[in-house]
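**Student:** Please find my_file38.pdb (PDB, C-alpha atoms, pLDDT in the B column) on the next line:
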```
MODEL        1
ATOM      1  CA  MET A  16       7.359  37.454  67.682  1.00 38.00           C
ATOM      2  CA  ILE A  17       9.461  40.644  67.464  1.00 39.00           C
ATOM      3  CA  VAL A  18      12.393  38.714  65.969  1.00 37.00           C
ATOM      4  CA  ARG A  19      10.083  37.166  63.346  1.00 38.00           C
ATOM      5  CA  TYR A  20       8.713  40.609  62.492  1.00 29.00           C
ATOM      6  CA  LEU A  21      12.201  42.069  62.048  1.00 32.00           C
ATOM      7  CA  ILE A  22      13.256  39.138  59.852  1.00 34.00           C
ATOM      8  CA  ASP A  23      10.178  39.578  57.674  1.00 39.00           C
ATOM      9  CA  ARG A  24      10.798  43.326  57.329  1.00 41.00           C
ATOM     10  CA  LEU A  25      14.428  42.710  56.359  1.00 41.00           C
ATOM     11  CA  ALA A  26      13.418  40.108  53.772  1.00 42.00           C
ATOM     12  CA  ALA A  27      10.837  42.463  52.277  1.00 43.00           C
ATOM     13  CA  ARG A  28      13.429  45.246  52.079  1.00 47.00           C
ATOM     14  CA  ARG A  29      15.838  42.960  50.252  1.00 47.00           C
ATOM     15  CA  ARG A  30      13.128  41.886  47.813  1.00 49.00           C
ATOM     16  CA  GLY A  31      12.248  45.496  47.104  1.00 53.00           C
ATOM     17  CA  PRO A  32       8.802  46.762  46.152  1.00 57.00           C
ATOM     18  CA  GLN A  33       6.363  44.162  44.847  1.00 78.00           C
ATOM     19  CA  PHE A  34       4.612  44.563  41.516  1.00 86.00           C
ATOM     20  CA  SER A  35       1.065  45.933  41.834  1.00 87.00           C
ATOM     21  CA  ALA A  36       0.236  47.840  38.632  1.00 94.00           C
ATOM     22  CA  PRO A  37      -3.037  46.935  36.867  1.00 95.00           C
ATOM     23  CA  LEU A  38      -2.797  45.485  33.356  1.00 97.00           C
ATOM     24  CA  GLN A  39      -3.757  48.238  30.887  1.00 97.00           C
ATOM     25  CA  PRO A  40      -3.041  47.507  27.214  1.00 98.00           C
ATOM     26  CA  ASP A  41      -4.587  49.927  24.734  1.00 97.00           C
ATOM     27  CA  VAL A  42      -6.177  47.082  22.750  1.00 98.00           C
ATOM     28  CA  ARG A  43      -7.194  43.494  23.339  1.00 98.00           C
ATOM     29  CA  VAL A  44      -4.050  41.439  22.783  1.00 98.00           C
ATOM     30  CA  TYR A  45      -3.950  37.814  21.667  1.00 98.00           C
ATOM     31  CA  ALA A  46      -0.424  36.674  22.575  1.00 98.00           C
ATOM     32  CA  VAL A  47       0.656  33.277  21.220  1.00 98.00           C
ATOM     33  CA  GLY A  48       3.386  31.189  22.828  1.00 98.00           C
ATOM     34  CA  ASP A  49       6.273  29.407  21.107  1.00 98.00           C
ATOM     35  CA  ILE A  50       5.056  27.356  18.117  1.00 98.00           C
ATOM     36  CA  HIS A  51       8.265  25.445  17.277  1.00 98.00           C
ATOM     37  CA  GLY A  52       7.206  23.913  14.000  1.00 98.00           C
ATOM     38  CA  ARG A  53       3.700  22.826  15.036  1.00 98.00           C
ATOM     39  CA  HIS A  54       1.658  24.086  12.090  1.00 98.00           C
ATOM     40  CA  ASP A  55      -1.264  21.910  13.188  1.00 98.00           C
ATOM     41  CA  LEU A  56      -1.450  23.630  16.570  1.00 98.00           C
ATOM     42  CA  LEU A  57      -1.048  27.037  14.954  1.00 98.00           C
ATOM     43  CA  MET A  58      -4.077  26.450  12.756  1.00 98.00           C
ATOM     44  CA  SER A  59      -6.127  25.284  15.749  1.00 98.00           C
ATOM     45  CA  ALA A  60      -5.082  28.371  17.719  1.00 98.00           C
ATOM     46  CA  LEU A  61      -6.062  30.674  14.861  1.00 98.00           C
ATOM     47  CA  ALA A  62      -9.489  29.042  14.722  1.00 97.00           C
ATOM     48  CA  ARG A  63      -9.958  29.632  18.457  1.00 97.00           C
ATOM     49  CA  ILE A  64      -8.868  33.253  18.092  1.00 97.00           C
ATOM     50  CA  ASP A  65     -11.313  33.786  15.221  1.00 96.00           C
ATOM     51  CA  GLY A  66     -14.097  32.340  17.348  1.00 96.00           C
ATOM     52  CA  ASP A  67     -13.205  34.584  20.258  1.00 96.00           C
ATOM     53  CA  LEU A  68     -13.014  37.683  18.065  1.00 95.00           C
ATOM     54  CA  ALA A  69     -16.507  36.998  16.782  1.00 93.00           C
ATOM     55  CA  GLY A  70     -17.869  37.558  20.274  1.00 87.00           C
ATOM     56  CA  CYS A  71     -15.786  40.613  21.197  1.00 89.00           C
ATOM     57  CA  ASP A  72     -16.002  44.314  20.439  1.00 89.00           C
ATOM     58  CA  GLY A  73     -13.252  46.893  20.149  1.00 91.00           C
ATOM     59  CA  PRO A  74      -9.766  46.878  18.612  1.00 96.00           C
ATOM     60  CA  SER A  75      -7.519  43.832  18.914  1.00 98.00           C
ATOM     61  CA  ALA A  76      -4.008  42.787  17.941  1.00 98.00           C
ATOM     62  CA  LEU A  77      -2.435  39.363  17.433  1.00 98.00           C
ATOM     63  CA  VAL A  78       1.130  38.965  18.698  1.00 98.00           C
ATOM     64  CA  PHE A  79       3.329  35.899  18.184  1.00 98.00           C
ATOM     65  CA  LEU A  80       6.099  35.666  20.771  1.00 98.00           C
ATOM     66  CA  GLY A  81       8.809  34.067  18.616  1.00 98.00           C
ATOM     67  CA  ASP A  82      10.360  30.620  18.149  1.00 98.00           C
ATOM     68  CA  TYR A  83       8.358  29.545  15.129  1.00 98.00           C
ATOM     69  CA  VAL A  84      10.978  27.112  13.841  1.00 98.00           C
ATOM     70  CA  ASP A  85      12.921  24.043  15.060  1.00 98.00           C
ATOM     71  CA  ARG A  86      11.991  20.858  16.910  1.00 96.00           C
ATOM     72  CA  GLY A  87       8.554  20.409  15.329  1.00 95.00           C
ATOM     73  CA  ALA A  88       8.452  19.012  11.797  1.00 96.00           C
ATOM     74  CA  GLN A  89       6.474  21.806  10.097  1.00 98.00           C
ATOM     75  CA  SER A  90       8.676  24.873  10.473  1.00 98.00           C
ATOM     76  CA  ALA A  91       8.542  25.840   6.795  1.00 98.00           C
ATOM     77  CA  GLN A  92       4.733  25.763   6.848  1.00 98.00           C
ATOM     78  CA  VAL A  93       4.608  27.812  10.053  1.00 98.00           C
ATOM     79  CA  LEU A  94       6.783  30.568   8.608  1.00 98.00           C
ATOM     80  CA  GLU A  95       4.782  30.798   5.410  1.00 97.00           C
ATOM     81  CA  LYS A  96       1.493  30.878   7.314  1.00 98.00           C
ATOM     82  CA  LEU A  97       2.644  33.653   9.626  1.00 98.00           C
ATOM     83  CA  ARG A  98       3.958  35.764   6.759  1.00 98.00           C
ATOM     84  CA  ALA A  99       0.718  35.327   4.821  1.00 97.00           C
ATOM     85  CA  LEU A 100      -1.342  36.057   7.922  1.00 97.00           C
ATOM     86  CA  GLN A 101       0.176  39.517   8.202  1.00 95.00           C
ATOM     87  CA  GLU A 102      -1.202  40.328   4.757  1.00 93.00           C
ATOM     88  CA  THR A 103      -4.695  38.850   5.193  1.00 94.00           C
ATOM     89  CA  SER A 104      -5.658  39.213   8.859  1.00 95.00           C
ATOM     90  CA  PRO A 105      -8.447  41.673   9.696  1.00 93.00           C
ATOM     91  CA  ILE A 106      -6.510  42.715  12.825  1.00 96.00           C
ATOM     92  CA  PRO A 107      -2.842  43.760  13.128  1.00 97.00           C
ATOM     93  CA  VAL A 108      -0.434  40.812  13.340  1.00 98.00           C
ATOM     94  CA  VAL A 109       2.961  41.154  15.022  1.00 98.00           C
ATOM     95  CA  THR A 110       5.590  38.422  14.695  1.00 98.00           C
ATOM     96  CA  LEU A 111       8.435  38.869  17.171  1.00 98.00           C
ATOM     97  CA  MET A 112      11.870  37.351  16.718  1.00 98.00           C
ATOM     98  CA  GLY A 113      12.861  34.460  18.969  1.00 98.00           C
ATOM     99  CA  ASN A 114      16.293  33.015  19.619  1.00 98.00           C
ATOM    100  CA  HIS A 115      15.632  30.147  17.210  1.00 98.00           C
ATOM    101  CA  GLU A 116      14.929  32.541  14.326  1.00 98.00           C
ATOM    102  CA  ARG A 117      18.104  34.379  15.289  1.00 98.00           C
ATOM    103  CA  MET A 118      20.107  31.140  15.195  1.00 98.00           C
ATOM    104  CA  MET A 119      18.645  30.254  11.796  1.00 98.00           C
ATOM    105  CA  LEU A 120      19.625  33.645  10.368  1.00 98.00           C
ATOM    106  CA  ASP A 121      23.111  33.404  11.899  1.00 98.00           C
ATOM    107  CA  PHE A 122      23.525  30.005  10.271  1.00 98.00           C
ATOM    108  CA  LEU A 123      22.718  31.462   6.863  1.00 98.00           C
ATOM    109  CA  VAL A 124      25.349  34.187   7.322  1.00 97.00           C
ATOM    110  CA  ASP A 125      28.100  32.153   9.032  1.00 98.00           C
ATOM    111  CA  PRO A 126      27.329  28.416   8.829  1.00 98.00           C
ATOM    112  CA  VAL A 127      30.731  27.234  10.038  1.00 97.00           C
ATOM    113  CA  SER A 128      30.737  29.268  13.251  1.00 96.00           C
ATOM    114  CA  CYS A 129      27.007  29.163  13.969  1.00 97.00           C
ATOM    115  CA  GLY A 130      25.809  25.957  12.354  1.00 95.00           C
ATOM    116  CA  ARG A 131      26.461  23.463  15.116  1.00 95.00           C
ATOM    117  CA  LEU A 132      24.635  25.524  17.751  1.00 96.00           C
ATOM    118  CA  TRP A 133      21.511  25.835  15.626  1.00 98.00           C
ATOM    119  CA  LEU A 134      21.472  22.347  14.136  1.00 97.00           C
ATOM    120  CA  HIS A 135      21.983  20.715  17.534  1.00 95.00           C
ATOM    121  CA  ASN A 136      19.051  22.720  18.943  1.00 96.00           C
ATOM    122  CA  GLY A 137      16.331  21.749  16.521  1.00 97.00           C
ATOM    123  CA  GLY A 138      17.666  23.197  13.298  1.00 97.00           C
ATOM    124  CA  LEU A 139      17.897  19.809  11.644  1.00 97.00           C
ATOM    125  CA  THR A 140      14.112  19.464  11.710  1.00 97.00           C
ATOM    126  CA  THR A 141      13.754  22.909  10.171  1.00 98.00           C
ATOM    127  CA  MET A 142      16.184  21.963   7.423  1.00 98.00           C
ATOM    128  CA  ALA A 143      14.169  18.792   6.787  1.00 98.00           C
ATOM    129  CA  SER A 144      10.965  20.838   6.500  1.00 98.00           C
ATOM    130  CA  PHE A 145      12.631  22.639   3.582  1.00 98.00           C
ATOM    131  CA  GLY A 146      13.650  19.324   2.028  1.00 97.00           C
ATOM    132  CA  ILE A 147      17.290  19.296   3.183  1.00 97.00           C
ATOM    133  CA  ASP A 148      18.507  16.132   4.939  1.00 93.00           C
ATOM    134  CA  ASP A 149      21.710  14.183   5.701  1.00 90.00           C
ATOM    135  CA  ILE A 150      23.884  17.071   6.900  1.00 93.00           C
ATOM    136  CA  ASP A 151      27.325  16.234   8.284  1.00 93.00           C
ATOM    137  CA  ILE A 152      27.517  18.700  11.164  1.00 93.00           C
ATOM    138  CA  SER A 153      31.202  17.921  11.740  1.00 93.00           C
ATOM    139  CA  ASP A 154      32.234  18.953   8.195  1.00 95.00           C
ATOM    140  CA  PRO A 155      32.694  22.724   7.618  1.00 96.00           C
ATOM    141  CA  ASP A 156      32.241  22.317   3.870  1.00 96.00           C
ATOM    142  CA  ALA A 157      28.999  20.429   4.439  1.00 96.00           C
ATOM    143  CA  LEU A 158      27.752  23.210   6.699  1.00 97.00           C
ATOM    144  CA  GLY A 159      28.489  25.779   4.019  1.00 97.00           C
ATOM    145  CA  SER A 160      26.697  23.718   1.397  1.00 97.00           C
ATOM    146  CA  ALA A 161      23.718  23.210   3.714  1.00 97.00           C
ATOM    147  CA  ALA A 162      23.404  26.964   4.284  1.00 98.00           C
ATOM    148  CA  ALA A 163      23.474  27.565   0.540  1.00 98.00           C
ATOM    149  CA  ASP A 164      20.839  24.873   0.033  1.00 97.00           C
ATOM    150  CA  LEU A 165      18.615  26.416   2.696  1.00 98.00           C
ATOM    151  CA  ARG A 166      18.878  29.883   1.223  1.00 97.00           C
ATOM    152  CA  ALA A 167      17.946  28.485  -2.178  1.00 97.00           C
ATOM    153  CA  ALA A 168      14.975  26.614  -0.682  1.00 98.00           C
ATOM    154  CA  LEU A 169      13.526  29.613   1.151  1.00 98.00           C
ATOM    155  CA  PRO A 170      10.533  31.213  -0.577  1.00 97.00           C
ATOM    156  CA  ALA A 171      11.272  34.589  -2.140  1.00 97.00           C
ATOM    157  CA  GLY A 172      11.528  37.310   0.476  1.00 96.00           C
ATOM    158  CA  LEU A 173      11.374  35.010   3.489  1.00 97.00           C
ATOM    159  CA  GLU A 174      14.939  35.637   4.666  1.00 97.00           C
ATOM    160  CA  ILE A 175      14.386  39.398   4.501  1.00 97.00           C
ATOM    161  CA  TRP A 176      11.102  39.015   6.368  1.00 98.00           C
ATOM    162  CA  LEU A 177      12.837  37.004   9.095  1.00 98.00           C
ATOM    163  CA  SER A 178      15.669  39.529   9.352  1.00 98.00           C
ATOM    164  CA  ASN A 179      13.184  42.346   9.929  1.00 98.00           C
ATOM    165  CA  LEU A 180      11.189  40.701  12.718  1.00 98.00           C
ATOM    166  CA  PRO A 181      10.865  43.132  15.659  1.00 98.00           C
ATOM    167  CA  LEU A 182      12.221  42.309  19.093  1.00 98.00           C
ATOM    168  CA  LEU A 183       9.356  43.776  21.119  1.00 98.00           C
ATOM    169  CA  TRP A 184       5.897  45.235  20.814  1.00 98.00           C
ATOM    170  CA  ARG A 185       4.107  47.513  23.246  1.00 98.00           C
ATOM    171  CA  SER A 186       0.507  48.482  23.953  1.00 98.00           C
ATOM    172  CA  GLY A 187      -0.170  50.667  26.989  1.00 98.00           C
ATOM    173  CA  ASN A 188       1.738  49.192  29.922  1.00 98.00           C
ATOM    174  CA  LEU A 189       2.079  45.795  28.272  1.00 98.00           C
ATOM    175  CA  VAL A 190       5.274  44.774  26.490  1.00 98.00           C
ATOM    176  CA  CYS A 191       5.432  41.564  24.459  1.00 98.00           C
ATOM    177  CA  VAL A 192       8.895  40.089  23.969  1.00 98.00           C
ATOM    178  CA  HIS A 193      10.284  36.647  23.253  1.00 98.00           C
ATOM    179  CA  ALA A 194      12.455  35.940  26.292  1.00 98.00           C
ATOM    180  CA  ALA A 195      12.791  38.704  28.868  1.00 98.00           C
ATOM    181  CA  LEU A 196      13.456  42.286  29.855  1.00 98.00           C
ATOM    182  CA  ASP A 197      16.131  43.427  32.270  1.00 98.00           C
ATOM    183  CA  PRO A 198      13.942  44.491  35.226  1.00 97.00           C
ATOM    184  CA  ARG A 199      16.316  47.307  36.164  1.00 96.00           C
ATOM    185  CA  LEU A 200      16.365  49.016  32.764  1.00 98.00           C
ATOM    186  CA  ALA A 201      13.752  51.030  30.915  1.00 97.00           C
ATOM    187  CA  VAL A 202      12.051  49.343  27.991  1.00 97.00           C
ATOM    188  CA  SER A 203      13.937  51.600  25.583  1.00 96.00           C
ATOM    189  CA  GLY A 204      17.292  50.566  27.076  1.00 97.00           C
ATOM    190  CA  GLN A 205      17.049  46.790  26.640  1.00 98.00           C
ATOM    191  CA  ALA A 206      19.835  44.829  24.950  1.00 98.00           C
ATOM    192  CA  ASP A 207      18.912  42.694  21.949  1.00 98.00           C
ATOM    193  CA  THR A 208      20.417  39.617  23.589  1.00 98.00           C
ATOM    194  CA  THR A 209      18.226  40.100  26.675  1.00 98.00           C
ATOM    195  CA  MET A 210      15.025  40.255  24.643  1.00 98.00           C
ATOM    196  CA  ILE A 211      15.968  37.194  22.578  1.00 98.00           C
ATOM    197  CA  TRP A 212      17.869  35.008  25.062  1.00 98.00           C
ATOM    198  CA  GLY A 213      16.748  36.166  28.517  1.00 98.00           C
ATOM    199  CA  HIS A 214      18.133  37.809  31.656  1.00 98.00           C
ATOM    200  CA  PRO A 215      19.163  36.210  34.979  1.00 97.00           C
ATOM    201  CA  ASP A 216      17.083  38.629  37.079  1.00 97.00           C
ATOM    202  CA  PHE A 217      13.936  38.620  34.959  1.00 97.00           C
ATOM    203  CA  ARG A 218      12.042  35.947  36.899  1.00 94.00           C
ATOM    204  CA  THR A 219      13.125  37.046  40.377  1.00 94.00           C
ATOM    205  CA  THR A 220      13.060  40.857  40.370  1.00 95.00           C
ATOM    206  CA  PRO A 221       9.773  42.741  39.826  1.00 95.00           C
ATOM    207  CA  ARG A 222       9.848  45.823  37.628  1.00 96.00           C
ATOM    208  CA  ARG A 223       9.304  49.183  39.331  1.00 94.00           C
ATOM    209  CA  ASP A 224       7.804  51.046  36.381  1.00 95.00           C
ATOM    210  CA  GLY A 225       4.454  49.238  36.169  1.00 96.00           C
ATOM    211  CA  ILE A 226       5.307  47.522  32.877  1.00 98.00           C
ATOM    212  CA  TRP A 227       3.785  44.082  32.316  1.00 98.00           C
ATOM    213  CA  VAL A 228       5.800  41.619  30.209  1.00 98.00           C
ATOM    214  CA  ALA A 229       4.205  38.817  28.186  1.00 98.00           C
ATOM    215  CA  HIS A 230       6.839  36.357  26.999  1.00 98.00           C
ATOM    216  CA  GLY A 231       7.656  32.905  25.725  1.00 98.00           C
ATOM    217  CA  HIS A 232      11.061  31.132  25.729  1.00 98.00           C
ATOM    218  CA  THR A 233      10.786  29.649  29.237  1.00 97.00           C
ATOM    219  CA  VAL A 234       8.616  26.520  29.186  1.00 97.00           C
ATOM    220  CA  VAL A 235       5.904  26.288  31.838  1.00 97.00           C
ATOM    221  CA  ASP A 236       3.354  23.539  32.417  1.00 96.00           C
ATOM    222  CA  VAL A 237       0.511  26.065  32.475  1.00 96.00           C
ATOM    223  CA  PRO A 238       0.480  29.824  31.798  1.00 96.00           C
ATOM    224  CA  GLU A 239       1.922  31.741  34.733  1.00 95.00           C
ATOM    225  CA  ILE A 240       1.327  35.287  36.007  1.00 95.00           C
ATOM    226  CA  THR A 241       3.834  36.473  38.594  1.00 94.00           C
ATOM    227  CA  ASP A 242       4.771  40.062  39.503  1.00 95.00           C
ATOM    228  CA  GLY A 243       3.780  41.446  36.115  1.00 96.00           C
ATOM    229  CA  ARG A 244       5.301  38.599  34.091  1.00 98.00           C
ATOM    230  CA  ILE A 245       3.020  36.483  31.894  1.00 98.00           C
ATOM    231  CA  ALA A 246       4.697  33.243  30.733  1.00 98.00           C
ATOM    232  CA  LEU A 247       2.958  31.665  27.736  1.00 98.00           C
ATOM    233  CA  ASP A 248       5.357  29.021  26.357  1.00 98.00           C
ATOM    234  CA  THR A 249       3.695  25.722  27.246  1.00 98.00           C
ATOM    235  CA  GLY A 250       6.100  23.587  25.192  1.00 97.00           C
ATOM    236  CA  ALA A 251       3.876  23.103  22.144  1.00 97.00           C
ATOM    237  CA  HIS A 252       6.357  20.948  20.255  1.00 96.00           C
ATOM    238  CA  PHE A 253       6.244  18.172  22.883  1.00 95.00           C
ATOM    239  CA  SER A 254       3.165  18.904  25.017  1.00 96.00           C
ATOM    240  CA  GLY A 255       0.703  19.476  22.191  1.00 96.00           C
ATOM    241  CA  LEU A 256      -0.485  22.641  23.990  1.00 97.00           C
ATOM    242  CA  LEU A 257      -0.101  25.964  22.198  1.00 98.00           C
ATOM    243  CA  THR A 258      -1.302  28.693  24.533  1.00 97.00           C
ATOM    244  CA  VAL A 259      -2.979  31.920  23.476  1.00 98.00           C
ATOM    245  CA  GLY A 260      -3.178  34.550  26.198  1.00 98.00           C
ATOM    246  CA  VAL A 261      -5.965  37.121  25.880  1.00 98.00           C
ATOM    247  CA  LEU A 262      -4.864  40.309  27.615  1.00 98.00           C
ATOM    248  CA  GLU A 263      -7.292  43.155  28.185  1.00 96.00           C
ATOM    249  CA  GLU A 264      -7.541  46.005  30.644  1.00 95.00           C
ATOM    250  CA  GLY A 265      -7.564  44.410  34.065  1.00 92.00           C
ATOM    251  CA  THR A 266      -8.106  40.835  32.813  1.00 94.00           C
ATOM    252  CA  PHE A 267      -6.193  37.836  31.535  1.00 95.00           C
ATOM    253  CA  ARG A 268      -7.569  34.570  30.177  1.00 95.00           C
ATOM    254  CA  THR A 269      -6.291  31.823  27.916  1.00 96.00           C
ATOM    255  CA  LEU A 270      -7.341  29.953  24.808  1.00 91.00           C
ATOM    256  CA  THR A 271      -5.293  26.755  25.149  1.00 73.00           C
TER     257      THR A 271
ENDMDL
END
```
Here is a file; write its structure as structure tokens.
**Tutor:**
Amino acid sequence: MIVRYLIDRLAARRRGPQFSAPLQPDVRVYAVGDIHGRHDLLMSALARIDGDLAGCDGPSALVFLGDYVDRGAQSAQVLEKLRALQETSPIPVVTLMGNHERMMLDFLVDPVSCGRLWLHNGGLTTMASFGIDDIDISDPDALGSAAADLRAALPAGLEIWLSNLPLLWRSGNLVCVHAALDPRLAVSGQADTTMIWGHPDFRTTPRRDGIWVAHGHTVVDVPEITDGRIALDTGAHFSGLLTVGVLEEGTFRTLT
């Protein structure tokens, strides 16, 4: 019994303090997981959010957690809808940058060096949604031509809008980000690559500053809440489930 107690104490010491802070955003937050070209699911999610807002009081904000493009066939429509939504929504709309938006922008700037990574990871479906097909990924000249074709096909201002997407958004002790935060660094000290691509310690080490993190990027079967992390990417492009997390002071529920 004593040996078991000592082992448990040692394990707890190695794990460090566990996360126990209450969730306290300043407003009701509707956080939407990775869309990945599923315009149909986006429209259904917006209808559910509108219905929920009709029965709620107080200020709210709508936050999209990134990865709007690739894999699903309707990436162009998703981007245009999100951009328009920011101009017409009765509540603030935040569209965070995901790693797939970053890859798309990198392709436009340096198609030869960055094209294969993006196109092999769903970029071909995004290109097709803009009417660009039959790309020879192995040909540098073809990659350059494809990037030029994509830039010409983008609606006016869309590339600038994508380039200016924020990497995180905060309300109270809630931070929304696409992939992760480094649990050992303050929110203000996070690297761009961590917020877009992830961090090896994010899912195993609780934060010590009481900050909750709502994120996408990592696919889960159902929304997960663990040690202040709220995972909302339920693989919409293949599962048909686009999750909306509703985060309020002390409560969390989903509109899936």
**Student:** One number please: CA of Ile150 (chain A) to CA of His135 (chain A), in Å, one decimal.
**Tutor:** 11.4 Å
**Student:** For the provided coordinates, the residues matched by the PyMOL selection byres ((chain A and resi 58) around 12) should be stated as a list of chain:residue names.
**Tutor:** A:Val47, A:Ile50, A:Gly52, A:Arg53, A:His54, A:Asp55, A:Leu56, A:Leu57, A:Ser59, A:Ala60, A:Leu61, A:Ala62, A:Arg63, A:Ile64, A:Asp65, A:Gln89, A:Gln92, A:Val93, A:Lys96, A:Leu97, A:Leu100, A:Leu257
**Student:** CA of Ala168 (chain A) to CA of Thr141 (chain A): how many Å, to one decimal?
**Tutor:** 11.5 Å
**Student:** Using all atoms of region 60-64 of chain A listed in the file and a margin of 6 Å per side, can you give the axis-aligned box centre and edge lengths in Å to one decimal, as AutoDock Vina command-line options?
**Tutor:**
```
--center_x -7.5 --center_y 30.8 --center_z 16.6 --size_x 16.9 --size_y 16.9 --size_z 15.7
```
**Student:** With the file shown as input, list the residues that the PyMOL selection byres ((chain A and resi 209-225) around 8) selects, as number ranges by chain.
**Tutor:** A: 30, 32-37, 112-114, 182-183, 188, 192-199, 205-208, 226-227, 232, 242-244
**Student:** I need the residue set behind the PyMOL selection byres ((chain A and resi 127) around 10) for this file; please write it as a ChimeraX atom specification.
**Tutor:** /A:121-126,128-132,152-159,162
**Student:** What does the distance between CA of Met118 (chain A) and CA of Leu177 (chain A) come to in Å, to one decimal place?
**Tutor:**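 Going from CA of Met118 (chain A) over to CA of Leu177 (chain A) covers 11.2 Å.
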**Student:** Of the residues A:Val261, A:Ile245, A:Gly73, A:Leu120, which is the one nearest to Trp133 (chain A), using all atoms listed in the file?
**Tutor:** A:Leu120
**Student:** If we draw a sphere of 12 Å around (17.0, 31.3, 2.2), which residues have at least one atom in it when counting only C-alpha atoms? Please report them as a PyMOL selection string.
**Tutor:** chain A and resi 91+119-124+142+145+161-178
**Student:** With all atoms listed in the file as the atoms that count, which of A:Asn179, A:Ser90, A:Ser104, A:Ser160 lies nearest to Leu139 (chain A)?
**Tutor:**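 Among the listed residues, A:Ser90 lies closest to Leu139 (chain A).
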**Student:** Determine the nearest neighbour of Leu77 (chain A) from the options A:Arg43, A:His252, A:Arg185, A:Arg117, counting all atoms listed in the file.
**Tutor:**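 Closest candidate: A:Arg43.
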**Student:** Around the point (10.0, 28.4, 15.6) (coordinates from the file), which residues reach within 7 Å if we count only C-alpha atoms? Answer as a PyMOL selection string.
**Tutor:** chain A and resi 49-52+81-85+90+115-116
**Student:** Go ahead and dump the residues you just picked, C-alpha atoms, as a PDB file, in the coordinates of the input.
**Tutor:**
```
ATOM      1  CA  ASP A  49       6.273  29.407  21.107  1.00 98.00           C
ATOM      2  CA  ILE A  50       5.056  27.356  18.117  1.00 98.00           C
ATOM      3  CA  HIS A  51       8.265  25.445  17.277  1.00 98.00           C
ATOM      4  CA  GLY A  52       7.206  23.913  14.000  1.00 98.00           C
ATOM      5  CA  GLY A  81       8.809  34.067  18.616  1.00 98.00           C
ATOM      6  CA  ASP A  82      10.360  30.620  18.149  1.00 98.00           C
ATOM      7  CA  TYR A  83       8.358  29.545  15.129  1.00 98.00           C
ATOM      8  CA  VAL A  84      10.978  27.112  13.841  1.00 98.00           C
ATOM      9  CA  ASP A  85      12.921  24.043  15.060  1.00 98.00           C
ATOM     10  CA  SER A  90       8.676  24.873  10.473  1.00 98.00           C
ATOM     11  CA  HIS A 115      15.632  30.147  17.210  1.00 98.00           C
ATOM     12  CA  GLU A 116      14.929  32.541  14.326  1.00 98.00           C
TER      13      GLU A 116
END
```
**Student:** Considering only C-alpha atoms, state which residue in the set A:Leu111, A:Ala76, A:Ala229, A:Ala99 is at the smallest distance from Leu189 (chain A).
**Tutor:** A:Ala229
**Student:** With all atoms listed in the file as the atoms that count, which of A:Asp236, A:Asp149, A:Glu264, A:Asp72 lies nearest to Gly250 (chain A)?
**Tutor:**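 Selected residue with least distance to Gly250 (chain A): A:Asp236.
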